[in-house]
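coords.json follows; it contains JSON, C-alpha atoms.
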```json
[["chain", "number", "residue", "atom", "x", "y", "z"],
["A", 278, "MET", "CA", -9.88, -45.00, 46.03],
["A", 279, "LEU", "CA", -9.50, -44.25, 42.35],
["A", 280, "THR", "CA", -13.18, -44.91, 41.65],
["A", 281, "GLU", "CA", -14.08, -42.07, 44.03],
["A", 282, "ASN", "CA", -11.63, -39.50, 42.66],
["A", 283, "ALA", "CA", -12.91, -36.44, 40.82],
["A", 284, "SER", "CA", -11.43, -35.83, 37.37],
["A", 285, "GLU", "CA", -10.41, -32.33, 36.32],
["A", 286, "ARG", "CA", -11.30, -33.25, 32.76],
["A", 287, "PHE", "CA", -15.00, -33.38, 33.65],
["A", 288, "ALA", "CA", -15.11, -30.51, 36.15],
["A", 289, "ASP", "CA", -17.28, -28.41, 33.81],
["A", 290, "ILE", "CA", -19.35, -31.22, 32.31],
["A", 291, "ASP", "CA", -22.54, -29.51, 33.47],
["A", 292, "ARG", "CA", -21.66, -26.64, 31.09],
["A", 293, "TRP", "CA", -20.96, -28.90, 28.10],
["A", 294, "SER", "CA", -23.49, -29.62, 25.40],
["A", 295, "THR", "CA", -25.48, -32.79, 25.95],
["A", 296, "TYR", "CA", -23.78, -34.37, 22.95],
["A", 297, "GLU", "CA", -20.33, -33.61, 24.38],
["A", 298, "ALA", "CA", -21.33, -35.09, 27.74],
["A", 299, "VAL", "CA", -22.76, -38.24, 26.15],
["A", 300, "SER", "CA", -19.65, -38.62, 23.98],
["A", 301, "ALA", "CA", -17.46, -38.43, 27.09],
["A", 302, "MET", "CA", -19.60, -41.08, 28.79],
["A", 303, "PHE", "CA", -19.31, -43.33, 25.75],
["A", 304, "GLU", "CA", -15.53, -43.07, 25.77],
["A", 305, "ALA", "CA", -15.52, -43.83, 29.48],
["A", 306, "GLN", "CA", -17.63, -46.96, 28.97],
["A", 307, "LEU", "CA", -15.20, -48.19, 26.31],
["A", 308, "SER", "CA", -12.29, -47.65, 28.67],
["A", 309, "ALA", "CA", -14.14, -49.61, 31.36],
["A", 310, "VAL", "CA", -14.54, -52.60, 29.07],
["A", 311, "ALA", "CA", -10.88, -52.32, 28.05],
["A", 312, "ALA", "CA", -9.89, -52.46, 31.73],
["A", 313, "VAL", "CA", -11.33, -55.99, 31.89],
["A", 314, "GLY", "CA", -8.73, -57.17, 29.36],
["A", 315, "THR", "CA", -5.98, -57.48, 31.96],
["A", 316, "GLU", "CA", -8.11, -59.92, 33.97],
["A", 317, "LEU", "CA", -9.00, -62.50, 31.33],
["A", 318, "ALA", "CA", -6.71, -65.16, 32.80],
["A", 319, "MET", "CA", -8.28, -64.67, 36.24],
["A", 320, "ILE", "CA", -11.79, -64.82, 34.83],
["A", 321, "ALA", "CA", -10.92, -68.10, 33.08],
["A", 322, "ARG", "CA", -9.38, -69.45, 36.27],
["A", 323, "ALA", "CA", -12.50, -68.51, 38.22],
["A", 324, "ALA", "CA", -14.79, -70.22, 35.70],
["A", 325, "GLU", "CA", -12.75, -73.43, 35.73],
["A", 326, "ALA", "CA", -12.62, -73.54, 39.52],
["A", 327, "ALA", "CA", -16.33, -72.77, 39.79],
["A", 328, "SER", "CA", -17.37, -75.47, 37.33],
["A", 329, "GLU", "CA", -15.46, -78.08, 39.32],
["A", 330, "ARG", "CA", -17.61, -77.31, 42.37],
["A", 331, "LEU", "CA", -20.85, -76.98, 40.43],
["A", 332, "VAL", "CA", -20.61, -80.34, 38.65],
["A", 333, "GLU", "CA", -20.43, -81.86, 42.12],
["A", 334, "GLY", "CA", -23.82, -80.34, 42.97],
["A", 335, "GLY", "CA", -22.78, -76.94, 44.30],
["A", 336, "ARG", "CA", -24.62, -73.65, 43.96],
["A", 337, "LEU", "CA", -23.70, -70.22, 42.67],
["A", 338, "ILE", "CA", -24.22, -67.56, 45.31],
["A", 339, "TYR", "CA", -24.06, -63.90, 44.32],
["A", 340, "VAL", "CA", -23.32, -61.26, 46.95],
["A", 341, "GLY", "CA", -23.26, -57.47, 46.75],
["A", 342, "ALA", "CA", -24.57, -54.15, 48.01],
["A", 343, "GLY", "CA", -26.21, -51.28, 46.15],
["A", 344, "THR", "CA", -25.38, -51.17, 42.43],
["A", 345, "SER", "CA", -23.07, -54.16, 42.69],
["A", 346, "GLY", "CA", -25.79, -56.23, 44.34],
["A", 347, "ARG", "CA", -28.30, -55.39, 41.63],
["A", 348, "ILE", "CA", -25.76, -56.20, 38.89],
["A", 349, "ALA", "CA", -25.06, -59.54, 40.59],
["A", 350, "VAL", "CA", -28.73, -60.48, 40.69],
["A", 351, "GLN", "CA", -29.16, -59.49, 37.05],
["A", 352, "ASP", "CA", -26.48, -61.98, 36.02],
["A", 353, "GLY", "CA", -27.82, -64.78, 38.20],
["A", 354, "VAL", "CA", -31.42, -64.62, 37.05],
["A", 355, "GLU", "CA", -30.33, -65.11, 33.42],
["A", 356, "LEU", "CA", -28.78, -68.51, 34.14],
["A", 357, "GLY", "CA", -32.13, -70.30, 34.23],
["A", 358, "PRO", "CA", -33.65, -69.22, 30.92],
["A", 359, "THR", "CA", -30.33, -69.19, 29.06],
["A", 360, "PHE", "CA", -28.67, -72.35, 30.36],
["A", 361, "GLY", "CA", -31.42, -74.22, 32.18],
["A", 362, "TRP", "CA", -29.58, -73.76, 35.45],
["A", 363, "PRO", "CA", -31.90, -74.90, 38.27],
["A", 364, "ALA", "CA", -33.40, -72.12, 40.38],
["A", 365, "GLU", "CA", -32.52, -74.02, 43.56],
["A", 366, "ARG", "CA", -28.85, -73.92, 42.60],
["A", 367, "VAL", "CA", -28.47, -70.14, 42.53],
["A", 368, "ALA", "CA", -28.86, -67.88, 45.56],
["A", 369, "TYR", "CA", -28.40, -64.23, 46.45],
["A", 370, "ALA", "CA", -27.27, -62.27, 49.47],
["A", 371, "VAL", "CA", -27.95, -58.58, 48.88],
["A", 372, "ALA", "CA", -27.31, -55.99, 51.57],
["A", 373, "GLY", "CA", -30.71, -54.74, 52.70],
["A", 374, "GLY", "CA", -32.58, -57.72, 51.23],
["A", 375, "ARG", "CA", -35.11, -57.69, 48.40],
["A", 376, "GLU", "CA", -36.09, -54.09, 49.14],
["A", 377, "ALA", "CA", -32.56, -53.01, 48.12],
["A", 378, "LEU", "CA", -33.18, -54.26, 44.58],
["A", 379, "PHE", "CA", -35.70, -51.47, 44.05],
["A", 380, "SER", "CA", -34.55, -48.67, 46.35],
["A", 381, "SER", "CA", -31.63, -47.61, 48.49],
["A", 382, "VAL", "CA", -31.43, -49.12, 51.97],
["A", 383, "GLU", "CA", -29.32, -46.79, 54.08],
["A", 384, "PHE", "CA", -26.24, -48.22, 55.81],
["A", 385, "ALA", "CA", -27.04, -51.80, 54.71],
["A", 386, "GLU", "CA", -23.64, -52.12, 53.03],
["A", 387, "ASP", "CA", -21.94, -51.49, 56.38],
["A", 388, "ASP", "CA", -23.82, -54.29, 58.17],
["A", 389, "ALA", "CA", -21.24, -57.08, 58.33],
["A", 390, "PRO", "CA", -23.23, -59.22, 60.81],
["A", 391, "ALA", "CA", -26.17, -59.22, 58.37],
["A", 392, "ALA", "CA", -23.97, -60.90, 55.75],
["A", 393, "ALA", "CA", -23.11, -63.73, 58.14],
["A", 394, "SER", "CA", -26.80, -64.11, 59.00],
["A", 395, "ASP", "CA", -27.86, -64.11, 55.34],
["A", 396, "LEU", "CA", -25.30, -66.78, 54.41],
["A", 397, "ALA", "CA", -26.34, -68.89, 57.39],
["A", 398, "GLY", "CA", -29.89, -68.73, 56.03],
["A", 399, "ILE", "CA", -28.67, -69.88, 52.63],
["A", 400, "GLY", "CA", -26.73, -72.69, 54.29],
["A", 401, "ILE", "CA", -23.51, -72.20, 52.37],
["A", 402, "ALA", "CA", -21.52, -75.41, 51.94],
["A", 403, "ARG", "CA", -18.21, -76.67, 50.59],
["A", 404, "ASN", "CA", -19.33, -77.27, 47.00],
["A", 405, "ASP", "CA", -20.83, -73.79, 46.70],
["A", 406, "VAL", "CA", -19.28, -70.90, 44.79],
["A", 407, "LEU", "CA", -19.68, -67.41, 46.21],
["A", 408, "VAL", "CA", -19.14, -64.42, 43.92],
["A", 409, "GLY", "CA", -18.85, -61.11, 45.77],
["A", 410, "LEU", "CA", -18.87, -57.73, 44.02],
["A", 411, "ALA", "CA", -17.88, -54.30, 45.34],
["A", 412, "ALA", "CA", -16.49, -51.44, 43.27],
["A", 413, "SER", "CA", -14.56, -50.13, 46.26],
["A", 414, "GLY", "CA", -13.42, -53.58, 47.32],
["A", 415, "ARG", "CA", -14.12, -52.46, 50.88],
["A", 416, "THR", "CA", -17.86, -52.96, 51.38],
["A", 417, "SER", "CA", -18.22, -54.52, 54.84],
["A", 418, "TYR", "CA", -21.25, -56.64, 53.95],
["A", 419, "THR", "CA", -19.54, -58.23, 50.95],
["A", 420, "VAL", "CA", -16.15, -58.71, 52.61],
["A", 421, "SER", "CA", -17.87, -60.37, 55.57],
["A", 422, "ALA", "CA", -19.72, -62.72, 53.21],
["A", 423, "ILE", "CA", -16.43, -63.73, 51.59],
["A", 424, "GLU", "CA", -14.94, -64.47, 55.01],
["A", 425, "LYS", "CA", -17.96, -66.54, 56.03],
["A", 426, "ALA", "CA", -17.84, -68.52, 52.79],
["A", 427, "ASN", "CA", -14.13, -69.19, 53.22],
["A", 428, "ALA", "CA", -14.79, -70.58, 56.68],
["A", 429, "ALA", "CA", -17.40, -72.92, 55.21],
["A", 430, "GLY", "CA", -14.91, -74.25, 52.67],
["A", 431, "ALA", "CA", -16.71, -72.75, 49.66],
["A", 432, "LEU", "CA", -14.92, -71.28, 46.65],
["A", 433, "THR", "CA", -14.83, -67.48, 46.87],
["A", 434, "ILE", "CA", -14.42, -65.10, 43.94],
["A", 435, "GLY", "CA", -14.09, -61.36, 44.49],
["A", 436, "ILE", "CA", -14.73, -58.72, 41.82],
["A", 437, "ALA", "CA", -13.60, -55.16, 42.54],
["A", 438, "ASN", "CA", -12.41, -51.97, 40.87],
["A", 439, "ASN", "CA", -9.75, -50.84, 43.33],
["A", 440, "ARG", "CA", -6.47, -52.48, 44.24],
["A", 441, "PRO", "CA", -5.40, -53.27, 46.91],
["A", 442, "SER", "CA", -8.62, -53.93, 48.78],
["A", 443, "PRO", "CA", -9.91, -56.26, 51.53],
["A", 444, "LEU", "CA", -12.28, -58.02, 49.14],
["A", 445, "LEU", "CA", -9.46, -59.05, 46.82],
["A", 446, "ASP", "CA", -7.29, -60.00, 49.78],
["A", 447, "GLN", "CA", -9.95, -62.28, 51.28],
["A", 448, "ALA", "CA", -11.25, -63.90, 48.09],
["A", 449, "GLN", "CA", -9.52, -67.05, 46.88],
["A", 450, "ILE", "CA", -9.68, -65.68, 43.34],
["A", 451, "GLY", "CA", -9.63, -61.91, 42.90],
["A", 452, "ILE", "CA", -10.61, -60.09, 39.71],
["A", 453, "CYS", "CA", -9.90, -56.36, 39.55],
["A", 454, "ALA", "CA", -10.80, -54.09, 36.65],
["A", 455, "GLU", "CA", -9.13, -50.80, 37.54],
["A", 456, "THR", "CA", -11.56, -48.44, 35.85],
["A", 457, "GLY", "CA", -10.34, -45.29, 37.63],
["A", 458, "SER", "CA", -12.30, -42.11, 38.21],
["A", 459, "GLU", "CA", -15.84, -41.75, 36.87],
["A", 460, "VAL", "CA", -17.21, -39.04, 34.58],
["A", 461, "ILE", "CA", -19.40, -38.08, 37.53],
["A", 462, "ALA", "CA", -17.20, -38.51, 40.58],
["A", 463, "GLY", "CA", -18.19, -41.53, 42.65],
["A", 464, "SER", "CA", -20.97, -42.69, 40.31],
["A", 465, "THR", "CA", -19.67, -46.25, 40.10],
["A", 466, "ARG", "CA", -22.80, -47.48, 38.38],
["A", 467, "MET", "CA", -21.10, -46.13, 35.24],
["A", 468, "LYS", "CA", -17.55, -47.34, 34.47],
["A", 469, "ALA", "CA", -17.15, -49.69, 37.43],
["A", 470, "GLY", "CA", -20.65, -51.09, 36.91],
["A", 471, "ALA", "CA", -20.04, -51.62, 33.21],
["A", 472, "SER", "CA", -16.88, -53.60, 33.91],
["A", 473, "GLN", "CA", -18.66, -55.73, 36.52],
["A", 474, "LYS", "CA", -21.39, -56.61, 34.03],
["A", 475, "VAL", "CA", -18.82, -57.66, 31.45],
["A", 476, "ILE", "CA", -16.83, -59.72, 33.95],
["A", 477, "LEU", "CA", -19.90, -61.50, 35.28],
["A", 478, "ALA", "CA", -21.27, -62.23, 31.81],
["A", 479, "MET", "CA", -17.99, -63.82, 30.75],
["A", 480, "PHE", "CA", -17.50, -65.67, 34.02],
["A", 481, "SER", "CA", -20.98, -67.18, 34.18],
["A", 482, "THR", "CA", -21.04, -68.06, 30.47],
["A", 483, "ALA", "CA", -17.61, -69.71, 30.63],
["A", 484, "THR", "CA", -18.71, -71.59, 33.74],
["A", 485, "MET", "CA", -21.83, -72.88, 32.01],
["A", 486, "ILE", "CA", -19.73, -73.98, 29.03],
["A", 487, "ARG", "CA", -17.45, -75.94, 31.35],
["A", 488, "CYS", "CA", -20.56, -77.47, 32.97],
["A", 489, "GLY", "CA", -21.62, -78.85, 29.58],
["A", 490, "ARG", "CA", -24.57, -76.54, 28.96],
["A", 491, "VAL", "CA", -23.29, -75.39, 25.57],
["A", 492, "TYR", "CA", -22.58, -77.61, 22.56],
["A", 493, "ARG", "CA", -21.25, -76.38, 19.22],
["A", 494, "GLY", "CA", -21.95, -72.81, 20.32],
["A", 495, "LEU", "CA", -25.61, -73.52, 21.04],
["A", 496, "MET", "CA", -27.65, -73.32, 24.28],
["A", 497, "VAL", "CA", -28.58, -76.98, 24.60],
["A", 498, "ASP", "CA", -29.98, -76.63, 28.14],
["A", 499, "MET", "CA", -32.11, -73.58, 27.33],
["A", 500, "LEU", "CA", -35.55, -73.50, 28.98],
["A", 501, "ILE", "CA", -38.41, -73.29, 26.50],
["A", 502, "SER", "CA", -40.78, -70.75, 27.98],
["A", 503, "ASN", "CA", -42.39, -69.17, 24.92],
["A", 504, "LYS", "CA", -43.09, -69.65, 21.22],
["A", 505, "LYS", "CA", -39.87, -67.91, 20.15],
["A", 506, "LEU", "CA", -37.72, -70.19, 22.30],
["A", 507, "ARG", "CA", -39.51, -73.29, 21.07],
["A", 508, "GLY", "CA", -38.64, -72.24, 17.53],
["A", 509, "ARG", "CA", -35.03, -71.75, 18.57],
["A", 510, "ALA", "CA", -34.98, -75.19, 20.20],
["A", 511, "VAL", "CA", -36.28, -76.80, 17.02],
["A", 512, "GLU", "CA", -33.57, -75.05, 15.00],
["A", 513, "ILE", "CA", -30.93, -76.30, 17.43],
["A", 514, "ILE", "CA", -32.08, -79.89, 17.01],
["A", 515, "LYS", "CA", -32.24, -79.46, 13.23],
["A", 516, "GLN", "CA", -28.68, -78.20, 13.15],
["A", 517, "LEU", "CA", -27.15, -80.70, 15.55],
["A", 518, "ALA", "CA", -28.97, -83.79, 14.31],
["A", 519, "GLY", "CA", -29.10, -82.86, 10.64],
["A", 520, "VAL", "CA", -32.85, -83.46, 10.36],
["A", 521, "ASP", "CA", -35.74, -81.46, 8.91],
["A", 522, "LYS", "CA", -38.11, -79.25, 10.88],
["A", 523, "VAL", "CA", -40.85, -81.84, 11.27],
["A", 524, "ALA", "CA", -38.42, -84.46, 12.61],
["A", 525, "ALA", "CA", -36.90, -81.90, 14.98],
["A", 526, "GLU", "CA", -40.32, -80.88, 16.31],
["A", 527, "THR", "CA", -41.29, -84.51, 16.82],
["A", 528, "ALA", "CA", -38.05, -85.25, 18.65],
["A", 529, "LEU", "CA", -38.46, -82.19, 20.87],
["A", 530, "ASP", "CA", -42.02, -83.22, 21.76],
["A", 531, "ASP", "CA", -40.92, -86.80, 22.47],
["A", 532, "ALA", "CA", -38.24, -85.39, 24.80],
["A", 533, "LYS", "CA", -40.82, -83.17, 26.53],
["A", 534, "GLY", "CA", -38.86, -80.03, 25.66],
["A", 535, "ASN", "CA", -35.43, -81.33, 26.68],
["A", 536, "ILE", "CA", -33.13, -80.21, 23.86],
["A", 537, "LYS", "CA", -30.29, -82.62, 24.64],
["A", 538, "LEU", "CA", -32.63, -85.60, 24.68],
["A", 539, "GLY", "CA", -34.31, -84.20, 21.59],
["A", 540, "VAL", "CA", -31.00, -84.24, 19.69],
["A", 541, "LEU", "CA", -30.32, -87.86, 20.63],
["A", 542, "ARG", "CA", -33.91, -88.81, 19.80],
["A", 543, "ALA", "CA", -33.56, -87.14, 16.40],
["A", 544, "LEU", "CA", -30.39, -89.17, 15.85],
["A", 545, "GLY", "CA", -32.44, -92.34, 16.24],
["A", 546, "MET", "CA", -32.14, -93.28, 19.91],
["A", 547, "GLU", "CA", -35.08, -94.43, 21.98],
["A", 548, "LEU", "CA", -35.87, -91.93, 24.71],
["A", 549, "GLY", "CA", -35.02, -94.20, 27.63],
["A", 550, "GLU", "CA", -31.74, -95.17, 26.01],
["A", 551, "ALA", "CA", -30.91, -91.50, 25.40],
["A", 552, "GLU", "CA", -31.64, -90.66, 29.03],
["A", 553, "ARG", "CA", -29.33, -93.41, 30.25],
["A", 554, "LEU", "CA", -26.55, -92.35, 27.87],
["A", 555, "LEU", "CA", -26.74, -88.71, 28.95],
["A", 556, "SER", "CA", -26.75, -89.77, 32.60],
["A", 557, "ARG", "CA", -23.62, -91.87, 32.09],
["A", 558, "ARG", "CA", -21.97, -88.90, 30.37],
["A", 559, "ASN", "CA", -22.86, -86.48, 33.19],
["A", 560, "GLY", "CA", -25.26, -84.60, 30.95],
["A", 561, "ILE", "CA", -22.53, -83.63, 28.47],
["A", 562, "LEU", "CA", -24.11, -83.79, 25.02],
["A", 563, "ARG", "CA", -20.78, -83.68, 23.19],
["A", 564, "ASP", "CA", -19.61, -86.80, 25.06],
["A", 565, "ALA", "CA", -22.91, -88.54, 24.38],
["A", 566, "VAL", "CA", -22.79, -87.76, 20.65],
["A", 567, "CYS", "CA", -19.14, -88.83, 20.49],
["A", 568, "HIS", "CA", -20.07, -92.15, 22.10],
["A", 569, "LEU", "CA", -22.96, -92.52, 19.68],
["A", 570, "SER", "CA", -20.70, -91.92, 16.68],
["A", 571, "LYS", "CA", -18.69, -95.01, 17.62],
["A", 572, "ASP", "CA", -21.79, -97.22, 17.67],
["A", 573, "PRO", "CA", -22.22, -98.92, 14.24],
["A", 574, "GLU", "CA", -26.00, -98.68, 14.62],
["A", 575, "PHE", "CA", -25.95, -94.87, 14.76],
["A", 576, "ALA", "CA", -22.62, -93.89, 13.22],
["A", 577, "GLY", "CA", -24.18, -93.01, 9.88],
["A", 578, "SER", "CA", -26.63, -90.56, 11.44],
["A", 579, "VAL", "CA", -24.09, -88.63, 13.52],
["A", 580, "LYS", "CA", -22.49, -85.65, 11.82]]
```

Output the structure of this file as structure tokens.
Amino acid sequence: MLTENASERFADIDRWSTYEAVSAMFEAQLSAVAAVGTELAMIARAAEAASERLVEGGRLIYVGAGTSGRIAVQDGVELGPTFGWPAERVAYAVAGGREALFSSVEFAEDDAPAAASDLAGIGIARNDVLVGLAASGRTSYTVSAIEKANAAGALTIGIANNRPSPLLDQAQIGICAETGSEVIAGSTRMKAGASQKVILAMFSTATMIRCGRVYRGLMVDMLISNKKLRGRAVEIIKQLAGVDKVAAETALDDAKGNIKLGVLRALGMELGEAERLLSRRNGILRDAVCHLSKDPEFAGSVK
């Protein structure tokens, strides 16, 4: 596997100055991000396929072992605060369980039966989307999870850093950033890990866009959990509805912190009417605003 190969270039890195070593690491990280460029079409395909399942009520399920598992969880936990994605619609299967998020659990990545058991506990179903990560593309736990998800009819997406590999072979959509050897041989938390973070960030963000949780480049399903985010929500309503701060704050309060409803309220709709319109438009604010713009009663208020 290329990610495990030692590079002659870095054979004496322990004798280099710290600045030289850090410079080499920086260059390596840039090359890791560049390696993602060949997979943009596959990332887009994965996001489009995932959104089709998710709008039907499916869940995102992240699977991984070791570094890859921790990177997967990091992406998933951001979906709630950033996009208002419900906690019950994201799940994790990490080799070694919760303990593995904080320390190494020996041999957990080799435990294929544990993956089947973990997915059975999650209750994976046809509308679900399973995203499995493994730098090697060979991790038994993650490959087994992909196989189990396939059998359940779920959409499977594999992210790896070596080709060919069983993970890419088994996944319905395979994404491979070939990052090559690491500065420190085998330390895939570096280049391989960096590429996985970039891929997941783009995949999950594009998926949320396709699910209607972004409008005009703004996070219109964001959860308001602190003073800073409330201020951001008010600014979003101001910008989208073209109202002043006081009107935006009033609309947000009327909508009980729901930004989409707050925008429609600021545009002049009664709350119940706004709720019904959003429901008919599957929660897509752009569609709701477009519909509103065609209504003579509100056309003048819609930008």

From the list A:Val497, A:Glu550, A:Arg509, A:Ser442, the nearest residue to Leu562 (chain A) using all atoms listed in the file is A:Val497

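In this structure, CA of Ala524 (chain A) sits 12.5 Å away from CA of Ala510 (chain A).
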
Compile the contact shell of Ser380 (chain A) as a PyMOL selection string: residues with an atom at most 12 Å away, counting only C-alpha atoms, same-chain residues fewer than 6 positions apart removed. chain A and resi 342-344+346-347+372-374

Proximity check region 286-337 of chain A to region 463-478 of chain A, 7 Å, nearest pairs one decimal Å, only C-alpha atoms, as a tab-separated table:
```
residue	atom	partner	partner_atom	distance
A:Ala305	CA	A:Lys468	CA	6.4
A:Gln306	CA	A:Lys468	CA	5.5
A:Ala309	CA	A:Lys468	CA	5.1
A:Val310	CA	A:Ser472	CA	5.5
A:Val313	CA	A:Ser472	CA	6.4
```

Long-range neighbours of Met496 (chain A) as an MDAnalysis selection string, 8 Å cut-off, all atoms listed in the file, 5 positions minimum in chain: chainID A and resid 359:360 490:491

For the selection you just gave me, I'd like the residues written to a file as an mmCIF file, keeping the file's coordinate frame, keeping C-alpha atoms.
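Final file, selection.cif:
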```
data_model
loop_
_atom_site.group_PDB
_atom_site.id
_atom_site.type_symbol
_atom_site.label_atom_id
_atom_site.label_comp_id
_atom_site.auth_asym_id
_atom_site.auth_seq_id
_atom_site.Cartn_x
_atom_site.Cartn_y
_atom_site.Cartn_z
ATOM 1 C CA THR A 359 -30.330 -69.190 29.060
ATOM 2 C CA PHE A 360 -28.670 -72.350 30.360
ATOM 3 C CA ARG A 490 -24.570 -76.540 28.960
ATOM 4 C CA VAL A 491 -23.290 -75.390 25.570
#
```

For Ile513 (chain A), which of A:Val420, A:Leu554, A:Ala324, A:Leu495 is the closest residue, counting only C-alpha atoms? A:Leu495

Can you tell me, as a compact mmCIF listing (two decimals) with C-alpha atoms, keeping the file's coordinate frame, what residues are no more than 9 Å from region 282-294 of chain A when counting only C-alpha atoms, ignoring any on the same chain fewer than 4 positions away?
```txt
# COMPACT_ATOMS: atom_id res chain seq x y z
CA MET A 278 -9.88 -45.00 46.03
CA ALA A 298 -21.33 -35.09 27.74
CA VAL A 299 -22.76 -38.24 26.15
CA ALA A 301 -17.46 -38.43 27.09
CA GLY A 457 -10.34 -45.29 37.63
CA SER A 458 -12.30 -42.11 38.21
CA GLU A 459 -15.84 -41.75 36.87
CA VAL A 460 -17.21 -39.04 34.58
CA ILE A 461 -19.40 -38.08 37.53
CA ALA A 462 -17.20 -38.51 40.58
CA GLY A 463 -18.19 -41.53 42.65
```

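Nearest-residue note for Val371 (chain A): choosing from A:Val566, A:Asp388, A:Gly545, A:Val406, the minimum distance belongs to A:Asp388, counting all atoms listed in the file.
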
Counting only C-alpha atoms, which residues have an atom no more than 12 Å from (-31.3, -80.6, 19.8) in the file's coordinates? Please list them as an NGL selection string. :A and (491-493 or 495-499 or 507-522 or 524-544 or 562-563 or 566)

If we count all atoms listed in the file and set the cut-off at 9 Å, which residues sit around Pro443 (chain A), ignoring sequence neighbours fewer than 3 positions away in its own chain? Please answer as a list in words. Gly414, Arg415, Thr416, Val420, Arg440, Asp446, Gln447 and Ala448 of chain A

State, in Å with one decimal place, the distance from CA of Val523 (chain A) to CA of Glu552 (chain A).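 We find that CA of Val523 (chain A) and CA of Glu552 (chain A) lie 21.9 Å from each other.
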
Write out as a PyMOL selection string the residues lying within 12 Å of Glu355 (chain A), counting all atoms listed in the file and excluding same-chain residues fewer than 3 positions away. chain A and resi 348-352+358-364+367+477-478+481-482+485+499-500

Using only C-alpha atoms, pick whichever of A:Gly400, A:Gly435, A:Gly314, A:Pro390 has the shortest atom-to-atom distance to Val340 (chain A).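 Between A:Gly400, A:Gly435, A:Gly314, A:Pro390, the residue approaching Val340 (chain A) most closely is A:Gly435.
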